[in-house]
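Coordinates from upload.txt are shown below (compact mmCIF, C-alpha atoms).
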# COMPACT_ATOMS: atom_id res chain seq x y z
CA MET C 157 -11.84 -52.67 14.41
CA SER C 158 -13.20 -50.55 11.58
CA ALA C 159 -12.76 -46.81 11.12
CA SER C 160 -16.00 -46.23 12.99
CA GLY C 161 -14.76 -48.36 15.82
CA ASN C 162 -17.34 -51.13 15.53
CA VAL C 163 -16.25 -54.09 17.62
CA SER C 164 -18.00 -57.24 18.73
CA GLY C 165 -19.36 -57.47 22.27
CA GLY C 166 -20.42 -54.80 24.70
CA THR C 167 -23.35 -53.64 22.59
CA ALA C 168 -25.34 -52.73 25.70
CA ALA C 169 -22.59 -50.47 27.11
CA GLY C 170 -22.08 -46.82 26.31
CA GLY C 171 -18.41 -47.40 25.66
CA ILE C 172 -15.77 -50.08 25.25
CA LEU C 173 -12.53 -49.84 27.23
CA THR C 174 -9.83 -52.13 25.88
CA ILE C 175 -6.79 -52.85 28.06
CA SER C 176 -3.82 -54.48 26.39
CA VAL C 177 -2.45 -57.06 28.81
CA ASP C 178 0.40 -57.71 26.39
CA ALA C 179 1.39 -54.03 26.48
CA VAL C 180 1.39 -53.99 30.30
CA VAL C 181 3.64 -57.06 30.36
CA ALA C 182 5.90 -55.62 27.65
CA ASN C 183 6.26 -52.39 29.62
CA TRP C 184 7.18 -54.33 32.75
CA ARG C 185 9.77 -56.38 30.86
CA SER C 186 11.28 -53.25 29.33
CA LEU C 187 11.57 -51.58 32.73
CA ALA C 188 12.89 -54.75 34.37
CA ALA C 189 15.65 -54.93 31.75
CA ARG C 190 16.47 -51.24 32.28
CA VAL C 191 16.92 -51.57 36.06
CA ALA C 192 18.71 -54.96 36.12
CA PRO C 193 20.46 -56.22 38.22
CA ALA C 194 17.92 -54.53 40.51
CA ARG C 195 14.51 -56.21 40.62
CA SER C 196 11.41 -54.60 39.21
CA ALA C 197 8.16 -54.70 41.15
CA ALA C 198 4.69 -53.83 39.82
CA VAL C 199 2.58 -51.21 41.57
CA VAL C 200 -1.02 -52.38 41.26
CA LYS C 201 -2.65 -50.08 43.81
CA ALA C 202 -6.03 -48.46 43.10
CA ASP C 203 -7.06 -51.55 41.13
CA ALA C 204 -4.01 -51.20 38.85
CA TYR C 205 -4.64 -47.48 38.37
CA GLY C 206 -8.26 -48.17 37.53
CA LEU C 207 -7.58 -50.75 34.83
CA GLY C 208 -8.25 -53.85 36.92
CA ALA C 209 -5.57 -55.55 39.01
CA ALA C 210 -7.12 -59.03 38.99
CA PRO C 211 -6.67 -59.66 35.23
CA LEU C 212 -3.14 -58.22 35.25
CA VAL C 213 -1.26 -59.61 38.24
CA ARG C 214 -0.95 -63.20 37.04
CA PRO C 215 0.39 -62.23 33.58
CA LEU C 216 2.92 -60.00 35.34
CA TYR C 217 3.88 -62.87 37.63
CA ASP C 218 4.25 -65.20 34.65
CA ALA C 219 6.56 -62.60 33.06
CA GLY C 220 8.81 -62.79 36.13
CA CYS C 221 7.47 -60.18 38.55
CA ARG C 222 7.51 -61.32 42.17
CA ASP C 223 6.93 -58.03 44.04
CA PHE C 224 3.57 -56.22 44.01
CA PHE C 225 2.69 -52.96 45.78
CA VAL C 226 -0.78 -51.92 46.91
CA VAL C 227 -1.98 -49.22 49.28
CA ALA C 228 -4.48 -50.95 51.54
CA LEU C 229 -4.56 -54.32 53.27
CA SER C 230 -7.95 -54.94 51.65
CA GLU C 231 -6.27 -54.66 48.25
CA ALA C 232 -3.60 -57.15 49.30
CA ASP C 233 -6.19 -59.61 50.60
CA ALA C 234 -8.04 -59.45 47.26
CA LEU C 235 -4.89 -60.21 45.26
CA ARG C 236 -3.33 -62.84 47.53
CA PRO C 237 -5.42 -65.76 46.18
CA LEU C 238 -4.50 -64.78 42.62
CA LEU C 239 -0.74 -65.09 43.11
CA PRO C 240 1.54 -67.99 44.09
CA LEU C 241 3.02 -67.74 47.58
CA ASP C 242 6.48 -66.82 46.30
CA ALA C 243 5.01 -63.46 45.24
CA THR C 244 5.24 -60.74 47.89
CA ILE C 245 2.58 -58.05 48.32
CA TYR C 246 3.56 -54.82 50.08
CA VAL C 247 1.00 -52.52 51.74
CA LEU C 248 2.16 -48.92 51.34
CA ASN C 249 -0.14 -47.16 53.79
CA GLY C 250 1.41 -49.02 56.66
CA LEU C 251 0.15 -50.63 59.80
CA LEU C 252 -3.21 -49.24 60.86
CA PRO C 253 -4.02 -49.73 64.57
CA GLY C 254 -5.21 -53.23 65.38
CA THR C 255 -4.39 -54.74 61.97
CA ALA C 256 -1.11 -56.56 62.71
CA GLY C 257 -2.83 -59.90 63.14
CA ALA C 258 -4.68 -59.56 59.85
CA TYR C 259 -1.55 -59.76 57.69
CA GLY C 260 -1.48 -63.10 55.88
CA ASP C 261 1.43 -64.98 54.39
CA GLY C 262 3.44 -63.03 51.87
CA ILE C 263 1.81 -59.69 52.75
CA LEU C 264 4.20 -57.15 54.27
CA PRO C 265 3.36 -53.84 55.91
CA VAL C 266 5.36 -50.76 55.00
CA LEU C 267 6.03 -49.26 58.45
CA ASN C 268 5.81 -45.48 58.22
CA SER C 269 6.50 -44.34 61.77
CA LEU C 270 8.36 -45.39 64.89
CA ALA C 271 5.02 -46.17 66.52
CA GLN C 272 4.17 -48.57 63.69
CA CYS C 273 7.58 -50.22 64.05
CA ARG C 274 6.93 -50.79 67.75
CA ALA C 275 3.41 -52.12 67.16
CA TRP C 276 4.61 -54.60 64.52
CA ALA C 277 7.58 -55.67 66.63
CA GLU C 278 5.39 -56.24 69.65
CA ALA C 279 2.93 -58.32 67.63
CA MET C 280 5.45 -60.35 65.64
CA LEU C 281 8.69 -60.37 67.66
CA GLY C 282 10.68 -60.74 64.45
CA SER C 283 8.67 -63.70 63.17
CA ARG C 284 7.23 -61.82 60.17
CA PRO C 285 9.03 -59.48 57.76
CA SER C 286 8.26 -55.84 57.09
CA VAL C 287 9.51 -52.80 55.19
CA ILE C 288 10.72 -49.55 56.74
CA GLN C 289 9.83 -46.35 54.89
CA VAL C 290 11.91 -43.24 55.56
CA ASP C 291 10.99 -39.67 54.75
CA THR C 292 13.66 -38.12 52.53
CA GLY C 293 11.99 -34.76 51.99
CA MET C 294 8.43 -35.31 50.83
CA SER C 295 6.97 -34.90 54.34
CA ARG C 296 4.28 -37.44 53.62
CA LEU C 297 4.96 -40.98 54.87
CA GLY C 298 7.99 -42.47 56.57
CA LEU C 299 10.30 -42.14 59.57
CA ASP C 300 11.94 -38.75 59.91
CA VAL C 301 15.62 -38.46 60.86
CA ALA C 302 14.94 -38.45 64.59
CA GLU C 303 12.83 -41.59 64.32
CA GLN C 304 15.48 -43.25 62.17
CA GLN C 305 18.09 -42.48 64.81
CA ALA C 306 15.86 -43.84 67.56
CA LEU C 307 15.28 -47.05 65.63
CA ALA C 308 18.99 -47.41 64.87
CA GLY C 309 19.73 -46.92 68.57
CA ASP C 310 17.49 -49.83 69.55
CA PRO C 311 18.87 -52.93 67.76
CA GLY C 312 16.38 -55.17 69.53
CA LEU C 313 13.45 -53.17 68.18
CA LEU C 314 14.89 -53.12 64.66
CA SER C 315 15.41 -56.89 64.75
CA ALA C 316 11.90 -57.49 66.05
CA THR C 317 10.39 -55.58 63.11
CA GLY C 318 11.80 -58.23 60.76
CA ALA C 319 12.68 -55.40 58.35
CA ARG C 320 14.04 -56.67 55.05
CA LEU C 321 13.82 -53.49 52.96
CA ILE C 322 14.19 -49.74 53.44
CA MET C 323 12.32 -47.52 50.99
CA SER C 324 11.45 -43.91 50.22
CA HIS C 325 9.67 -42.00 47.48
CA LEU C 326 10.84 -39.24 45.14
CA ALA C 327 8.74 -36.08 44.91
CA CYS C 328 10.12 -34.50 41.72
CA ALA C 329 11.50 -37.37 39.65
CA ASP C 330 9.26 -36.34 36.74
CA GLU C 331 11.14 -33.00 36.65
CA PRO C 332 14.76 -34.12 36.23
CA VAL C 333 16.11 -30.58 36.01
CA LYS C 334 15.18 -29.97 39.64
CA SER C 335 17.79 -30.59 42.33
CA ALA C 336 15.26 -32.19 44.68
CA SER C 337 15.85 -35.76 43.47
CA GLY C 338 19.58 -35.51 44.10
CA GLU C 339 18.90 -34.15 47.58
CA GLN C 340 16.52 -37.00 48.31
CA LEU C 341 19.05 -39.51 46.98
CA ALA C 342 21.62 -38.18 49.46
CA ALA C 343 19.07 -38.34 52.29
CA PHE C 344 18.19 -41.93 51.37
CA ARG C 345 21.83 -42.96 51.37
CA ALA C 346 22.21 -41.40 54.81
CA ALA C 347 19.18 -43.33 56.05
CA ARG C 348 20.67 -46.57 54.75
CA GLU C 349 23.86 -45.84 56.68
CA ARG C 350 21.80 -45.38 59.87
CA LEU C 351 19.92 -48.63 59.20
CA PRO C 352 22.51 -50.84 57.48
CA GLY C 353 22.03 -54.31 56.10
CA LEU C 354 18.66 -53.69 54.46
CA ALA C 355 17.92 -53.82 50.75
CA GLY C 356 16.97 -50.44 49.27
CA SER C 357 14.11 -49.14 47.11
CA LEU C 358 13.81 -45.52 46.00
CA ALA C 359 12.72 -45.25 42.36
CA ALA C 360 9.16 -45.53 41.12
CA SER C 361 8.28 -45.04 37.43
CA SER C 362 9.84 -41.65 36.78
CA GLY C 363 12.74 -42.30 39.15
CA ILE C 364 13.82 -45.27 37.06
CA PHE C 365 14.76 -42.91 34.22
CA LEU C 366 17.07 -40.85 36.47
CA GLY C 367 19.64 -43.61 36.10
CA PRO C 368 21.30 -46.48 37.98
CA ASP C 369 22.19 -44.39 41.04
CA TYR C 370 18.49 -44.42 41.90
CA HIS C 371 17.79 -48.11 41.28
CA PHE C 372 19.27 -49.76 44.39
CA ASP C 373 17.82 -53.28 44.89
CA LEU C 374 14.15 -52.89 43.95
CA CYS C 375 12.31 -50.42 41.70
CA ARG C 376 8.57 -49.81 41.85
CA PRO C 377 7.08 -48.89 38.45
CA GLY C 378 3.37 -48.17 38.39
CA ALA C 379 2.14 -45.55 35.93
CA SER C 380 4.71 -46.53 33.30
CA LEU C 381 3.27 -50.04 33.24
CA TYR C 382 -0.07 -48.59 32.13
CA GLY C 383 1.26 -46.43 29.30
CA ILE C 384 1.42 -43.08 31.12
CA GLU C 385 4.19 -40.58 30.33
CA THR C 386 6.03 -40.32 33.65
CA SER C 387 9.18 -38.45 32.67
CA PRO C 388 10.59 -36.46 29.76
CA LEU C 389 13.43 -39.00 29.86
CA ALA C 390 11.12 -41.99 29.46
CA GLY C 391 11.11 -43.98 26.27
CA GLY C 392 9.88 -47.28 24.91
CA ILE C 393 6.63 -47.34 26.88
CA LYS C 394 3.73 -48.87 24.96
CA PRO C 395 0.18 -47.48 25.11
CA VAL C 396 -2.17 -49.74 27.04
CA VAL C 397 -5.66 -48.23 26.87
CA ASP C 398 -8.13 -47.74 24.02
CA LEU C 399 -11.49 -46.12 24.79
CA ARG C 400 -14.37 -45.99 22.30
CA VAL C 401 -17.77 -44.49 23.05
CA ARG C 402 -21.12 -45.00 21.34
CA VAL C 403 -23.15 -42.46 19.44
CA ALA C 404 -26.46 -42.31 21.32
CA GLN C 405 -28.16 -39.86 18.97
CA LEU C 406 -27.51 -37.83 15.83
CA ARG C 407 -29.19 -34.50 15.14
CA GLU C 408 -28.90 -31.32 13.11
CA ILE C 409 -29.43 -27.90 14.68
CA GLU C 410 -29.91 -24.51 13.09
CA ALA C 411 -27.88 -21.38 13.67
CA GLY C 412 -28.79 -19.85 17.01
CA ALA C 413 -29.70 -23.15 18.69
CA SER C 414 -28.03 -23.93 22.03
CA VAL C 415 -26.50 -27.16 23.30
CA GLY C 416 -26.35 -28.62 26.79
CA TYR C 417 -26.71 -27.33 30.33
CA GLY C 418 -26.37 -23.62 30.79
CA TYR C 419 -26.61 -22.96 27.02
CA THR C 420 -22.85 -22.38 27.02
CA PHE C 421 -22.66 -23.21 23.30
CA ARG C 422 -24.78 -21.51 20.65
CA ALA C 423 -24.43 -22.62 17.05
CA SER C 424 -23.26 -19.96 14.59
CA ARG C 425 -24.32 -22.09 11.61
CA THR C 426 -26.27 -25.21 10.78
CA THR C 427 -24.44 -27.90 12.77
CA ARG C 428 -24.64 -31.67 12.86
CA LEU C 429 -24.13 -33.17 16.33
CA ALA C 430 -23.54 -36.59 17.83
CA THR C 431 -24.55 -37.11 21.44
CA LEU C 432 -22.15 -39.61 23.02
CA ALA C 433 -23.19 -42.04 25.72
CA ILE C 434 -20.74 -41.22 28.51
CA GLY C 435 -20.20 -38.28 30.83
CA TYR C 436 -18.44 -37.26 33.98
CA ALA C 437 -19.86 -40.29 35.83
CA ASP C 438 -17.65 -42.33 33.50
CA GLY C 439 -14.52 -40.22 34.00
CA TRP C 440 -15.05 -37.91 31.04
CA TRP C 441 -14.83 -34.73 33.04
CA ARG C 442 -16.80 -31.52 32.78
CA ARG C 443 -13.50 -29.83 31.96
CA TYR C 444 -13.76 -31.38 28.47
CA SER C 445 -16.69 -29.10 27.63
CA ASN C 446 -16.82 -26.69 24.69
CA GLY C 447 -13.87 -27.79 22.60
CA ALA C 448 -11.49 -28.73 25.42
CA GLY C 449 -12.23 -32.38 24.72
CA ALA C 450 -12.83 -34.22 21.49
CA ALA C 451 -13.63 -37.55 19.90
CA TYR C 452 -12.09 -38.93 16.72
CA PHE C 453 -13.54 -40.66 13.69
CA GLY C 454 -10.53 -41.94 11.81
CA ASP C 455 -8.20 -38.94 11.54
CA THR C 456 -10.99 -36.38 11.96
CA ARG C 457 -11.15 -34.51 15.26
CA LEU C 458 -14.71 -33.90 16.45
CA PRO C 459 -14.69 -31.15 19.11
CA SER C 460 -17.04 -31.18 22.08
CA VAL C 461 -19.82 -28.62 22.12
CA GLY C 462 -21.69 -27.54 25.21
CA ARG C 463 -21.10 -28.91 28.66
CA VAL C 464 -20.28 -32.49 29.49
CA SER C 465 -23.09 -33.84 31.67
CA MET C 466 -23.22 -36.85 33.96
CA ASP C 467 -24.12 -39.39 31.29
CA SER C 468 -23.54 -37.76 27.91
CA PHE C 469 -21.87 -35.02 25.92
CA SER C 470 -22.06 -33.75 22.36
CA VAL C 471 -19.49 -33.38 19.59
CA ASP C 472 -19.67 -31.46 16.33
CA VAL C 473 -19.61 -33.96 13.44
CA SER C 474 -20.14 -31.41 10.68
CA ALA C 475 -16.67 -32.19 9.27
CA LEU C 476 -17.87 -35.67 8.30
CA PRO C 477 -19.97 -36.30 5.19
CA PRO C 478 -23.65 -36.75 6.03
CA GLY C 479 -24.51 -40.37 6.62
CA THR C 480 -21.02 -41.29 7.76
CA LEU C 481 -22.16 -42.08 11.30
CA ALA C 482 -25.06 -44.11 12.60
CA GLU C 483 -26.43 -44.38 16.11
CA GLY C 484 -24.52 -47.08 17.97
CA ASP C 485 -21.22 -46.41 16.15
CA LEU C 486 -18.13 -46.01 18.28
CA LEU C 487 -15.81 -43.00 18.30
CA GLU C 488 -12.29 -42.87 19.74
CA LEU C 489 -11.73 -40.98 22.99
CA ILE C 490 -8.39 -42.57 23.92
CA GLY C 491 -6.35 -44.32 21.28
CA PRO C 492 -3.94 -43.69 18.41
CA HIS C 493 -5.10 -40.09 17.84
CA GLN C 494 -5.10 -38.93 21.47
CA SER C 495 -3.24 -40.71 24.24
CA VAL C 496 -4.12 -40.82 27.91
CA ASP C 497 -1.64 -38.00 28.44
CA ASP C 498 -3.11 -35.93 25.58
CA VAL C 499 -6.51 -36.24 27.22
CA ALA C 500 -4.98 -35.31 30.58
CA ARG C 501 -3.33 -32.20 29.17
CA ALA C 502 -6.66 -31.08 27.72
CA ALA C 503 -8.09 -31.17 31.24
CA GLY C 504 -5.07 -29.60 32.94
CA THR C 505 -4.26 -32.77 34.87
CA ILE C 506 -2.10 -35.90 34.61
CA GLY C 507 -2.61 -39.31 33.05
CA TYR C 508 -2.78 -40.94 36.49
CA GLU C 509 -5.97 -39.03 37.27
CA VAL C 510 -7.55 -39.87 33.91
CA LEU C 511 -7.02 -43.63 34.28
CA THR C 512 -8.11 -43.82 37.91
CA SER C 513 -11.28 -41.85 37.11
CA LEU C 514 -12.59 -44.20 34.43
CA GLY C 515 -15.93 -45.53 35.63
CA ARG C 516 -17.35 -49.02 35.79
CA ARG C 517 -20.03 -48.67 33.10
CA TYR C 518 -17.71 -49.42 30.19
CA HIS C 519 -17.58 -52.87 28.69
CA ARG C 520 -14.01 -53.89 29.48
CA VAL C 521 -11.97 -56.04 27.14
CA TYR C 522 -8.60 -57.47 28.21
CA ALA C 523 -6.80 -58.02 24.94

Could you render the structure from this file as structure tokens?
Amino acid sequence: MSASGNVSGGTAAGGILTISVDAVVANWRSLAARVAPARSAAVVKADAYGLGAAPLVRPLYDAGCRDFFVVALSEADALRPLLPLDATIYVLNGLLPGTAGAYGDGILPVLNSLAQCRAWAEAMLGSRPSVIQVDTGMSRLGLDVAEQQALAGDPGLLSATGARLIMSHLACADEPVKSASGEQLAAFRAARERLPGLAGSLAASSGIFLGPDYHFDLCRPGASLYGIETSPLAGGIKPVVDLRVRVAQLREIEAGASVGYGYTFRASRTTRLATLAIGYADGWWRRYSNGAGAAYFGDTRLPSVGRVSMDSFSVDVSALPPGTLAEGDLLELIGPHQSVDDVARAAGTIGYEVLTSLGRRYHRVYA
């Protein structure tokens, strides 16, 4: 790739999104080594955080991953043909009414309430495994203490669920100075005492970096696999995504001319602009308007001017010598000069939201 970002392929697309499969696998291996002897899963929900689960799950399997987490049964059904049967796919949103019979081989529901436990037990009578999720303080999904006690008091029901794993989720693991994670750890240990004999899973990406006390038998990294900063304690995570966008038009405007919807930018001097061929329909949010967002040519930052629109936005290229850019050239939006998390901070959000917002109009390259 040259300084202007010219790459082969994808000439008809407004931008080229390159996903490094090798970096995803390297991140998984690094995390798996960190949590050993616990196992490391791979969370591939939301189409692998928007990057495409189908091209990634088999390389992760070949690297040694055997546990994959999704949110919906439809996601599990899409991935099941792509993985050998010794891989297990877990469905985090639990057992929706009437879906027990739709779970195929190697797909396990995460049971999030006593009612779901009863429905699964009634349908399967212990013939198919499941996972029990307990609420340890997040008040989102999982059995509360009363439900845990009721399940523990009914050994026949617990056996009929075929539960092989008990799990929970940390709310503040990305803020290690808070006491909440320690409180949740204690609550999870208490839940395991109520429901003994089950393997445990508590830590997702940021929880892994809280240390071995949080690892138990299975960890569930997701965002860290895709190069997102998940904790101030995290280290050794490789960037995964590179996003380049095409120059759709070059123009020069005089002092006093306005740019974009609402005329929110008015040039104070003669200004050379590049209109770039993506907008908020492609996940480049309106919040990146008027200098909040930028593109890069080499080491030169090119600030946005005017509002980001649905399909385009403009950057000030006056810092570049005239003739440096041509229409069709590619500028960096995510890459060595601004990471996914840098872009997220510019918008007042998190890297998770940036990745999962990337649209489908980019030409995608799995490197």

**Message:** Counting all atoms listed in the file, which residues sit no farther than 7 Å from the position (-11.8, -35.5, 20.8) in the file's frame? I'd like them as a list in words.
**Reply:**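 Residues close enough to count: Gly449, Ala450, Ala451, Tyr452, Arg457, Leu458, Pro459, Ser460 and Leu489 of chain C.
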
Output for the residues just chosen: C-alpha atoms as a JSON list (two decimals), in the frame of the given file:
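Okay, this is what ended up in result-v1.json:
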[["chain", "number", "residue", "atom", "x", "y", "z"],
["C", 449, "GLY", "CA", -12.23, -32.38, 24.72],
["C", 450, "ALA", "CA", -12.83, -34.22, 21.49],
["C", 451, "ALA", "CA", -13.63, -37.55, 19.90],
["C", 452, "TYR", "CA", -12.09, -38.93, 16.72],
["C", 457, "ARG", "CA", -11.15, -34.51, 15.26],
["C", 458, "LEU", "CA", -14.71, -33.90, 16.45],
["C", 459, "PRO", "CA", -14.69, -31.15, 19.11],
["C", 460, "SER", "CA", -17.04, -31.18, 22.08],
["C", 489, "LEU", "CA", -11.73, -40.98, 22.99]]

Please report as a Markdown table every residue of stretch 357-418 of chain C lying within 12 Å of stretch 190-196 of chain C, along with the nearest atom pair and their distance in Å (one decimal), using all atoms listed in the file.
| residue | atom | partner | partner_atom | distance |
| --- | --- | --- | --- | --- |
| C:Ser357 | CA | C:Ala194 | CA | 9.3 |
| C:Leu358 | CA | C:Ala194 | CA | 11.3 |
| C:Ala359 | CA | C:Val191 | CA | 9.9 |
| C:Ala360 | CA | C:Ser196 | CA | 9.5 |
| C:Ser361 | CA | C:Ser196 | CA | 10.2 |
| C:Gly363 | CA | C:Val191 | CA | 10.6 |
| C:Ile364 | CA | C:Val191 | CA | 7.1 |
| C:Phe365 | CA | C:Arg190 | CA | 8.7 |
| C:Leu366 | CA | C:Val191 | CA | 10.7 |
| C:Gly367 | CA | C:Val191 | CA | 8.4 |
| C:Pro368 | CA | C:Val191 | CA | 7.0 |
| C:Asp369 | CA | C:Val191 | CA | 10.2 |
| C:Tyr370 | CA | C:Val191 | CA | 9.4 |
| C:His371 | CA | C:Val191 | CA | 6.3 |
| C:Phe372 | CA | C:Ala194 | CA | 6.3 |
| C:Asp373 | CA | C:Ala194 | CA | 4.6 |
| C:Leu374 | CA | C:Arg195 | CA | 4.7 |
| C:Cys375 | CA | C:Ser196 | CA | 4.9 |
| C:Arg376 | CA | C:Ser196 | CA | 6.2 |
| C:Pro377 | CA | C:Ser196 | CA | 7.2 |
| C:Gly378 | CA | C:Ser196 | CA | 10.3 |
| C:Leu381 | CA | C:Ser196 | CA | 11.1 |
| C:Ala390 | CA | C:Arg190 | CA | 11.1 |
| C:Gly391 | CA | C:Arg190 | CA | 10.8 |
| C:Gly392 | CA | C:Arg190 | CA | 10.7 |
| C:Ile393 | CA | C:Arg190 | CA | 11.9 |

**Prompt:** Excluding same-chain residues fewer than 4 positions from C:Tyr259, what lies within 10 Å of it counting all atoms listed in the file, as a list in words?
**Reply:**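 What passes the distance filter is Leu229, Ala232, Asp233, Val247, Leu251, Thr255, Ile263, Leu264, Pro265 and Arg284 of chain C.
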
**Request:** In the coordinates of the file, take the point (6.5, -63.9, 45.5) and a cut-off of 10 Å; then, counting all atoms listed in the file, name each qualifying protein, DNA or RNA residue as a ChimeraX atom specification.
**Result:** /C:217,220-224,239-245,262-263

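Comparing C:Val521, C:Ile506, C:Leu399, C:Val415 by their smallest distance to C:Arg463, the closest is C:Val415 (using all atoms listed in the file).
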
**Request:** Take atom CA of C:Pro477 and atom CA of C:Arg402 and report the distance between them in Å, one decimal.
**Result:**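 Atom CA of C:Pro477 sits 18.4 Å away from atom CA of C:Arg402.
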
**Request:** Extract, using all atoms listed in the file, all DNA, RNA and protein residues at most 9 Å from C:Ala319, discarding same-chain residues fewer than 3 positions from it, and format them as a list in words.
**Result:**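 The residues that qualify are Gly282, Arg284, Pro285, Ser286, Val287, Ile288, Leu314, Ser315, Ala316, Ile322 and Leu354 of chain C.
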
**Item:** For atom CA of C:Thr505 and atom CA of C:Ser335, the interatomic separation in Å (one decimal)
**Value:**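 The value is 23.4 Å.
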
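Nearest to C:Ala279 of all the residues C:Gly447, C:Gly293, C:Gly254, C:Gly515 is C:Gly254, counting only C-alpha atoms.
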
**Residues near C:Ala433, cut-off 10 Å, all atoms listed in the file, skip fewer than 5 positions along chain, as a list in words** =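 In the requested form, the answer reads Ala169, Gly170, Gly171, Val401, Arg402, Val403, Ala404, Gln405, Asp438, Met466, Asp467, Ser468, Phe469, Ser470, Gly484 and Leu486 of chain C.
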
**Asked** Using all atoms listed in the file, which residues sit within 9 Å of C:Val510 once same-chain residues fewer than 2 positions away are excluded, as a list in words?
**Response**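 Contacts, with the query itself left out: Gly439, Trp440, Trp441, Val496, Asp497, Val499, Ala500, Thr505, Ile506, Gly507, Tyr508, Thr512, Ser513 and Leu514 of chain C.
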
**Asked** Between atom CA of C:Ala210 and atom CA of C:Ala234, what is the distance, to one decimal in Å?
**Response** 8.3 Å

**Prompt:** Taking into account all atoms listed in the file, which residue in the set C:Thr420, C:Thr317, C:Ser387, C:Ser474 is nearest to C:Trp276?
**Reply:** C:Thr317

**Message:** I'd like to know which of C:Gly356, C:Ala379, C:Glu349, C:Thr386 is closest to C:Val200, using all atoms listed in the file.
**Reply:**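 For C:Val200, the nearest of the given residues is C:Ala379.
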
**Complete:** Shortest contact to C:Arg443, candidates C:Leu406, C:Val397, C:Val226, C:Ala502, atoms counted all atoms listed in the file, goes to C:Ala502

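When all atoms listed in the file are used to measure the gap to C:Ser324, the shortest distance among C:Asp472, C:Asp300, C:Glu339, C:Asp291 belongs to C:Asp291.
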
Contacts of C:Asp455 at 12 Å (all atoms listed in the file; same-chain gap of 3+ positions) as a PDB file with C-alpha atoms, keeping the file's coordinate frame:
ATOM      1  CA  ALA C 159     -12.760 -46.810  11.120  1.00  0.00           C
ATOM      2  CA  SER C 160     -16.000 -46.230  12.990  1.00  0.00           C
ATOM      3  CA  ALA C 450     -12.830 -34.220  21.490  1.00  0.00           C
ATOM      4  CA  ALA C 451     -13.630 -37.550  19.900  1.00  0.00           C
ATOM      5  CA  TYR C 452     -12.090 -38.930  16.720  1.00  0.00           C
ATOM      6  CA  LEU C 458     -14.710 -33.900  16.450  1.00  0.00           C
ATOM      7  CA  ALA C 475     -16.670 -32.190   9.270  1.00  0.00           C
ATOM      8  CA  LEU C 476     -17.870 -35.670   8.300  1.00  0.00           C
ATOM      9  CA  LEU C 487     -15.810 -43.000  18.300  1.00  0.00           C
ATOM     10  CA  GLU C 488     -12.290 -42.870  19.740  1.00  0.00           C
ATOM     11  CA  GLY C 491      -6.350 -44.320  21.280  1.00  0.00           C
ATOM     12  CA  PRO C 492      -3.940 -43.690  18.410  1.00  0.00           C
ATOM     13  CA  HIS C 493      -5.100 -40.090  17.840  1.00  0.00           C
ATOM     14  CA  GLN C 494      -5.100 -38.930  21.470  1.00  0.00           C
TER      15      GLN C 494
END
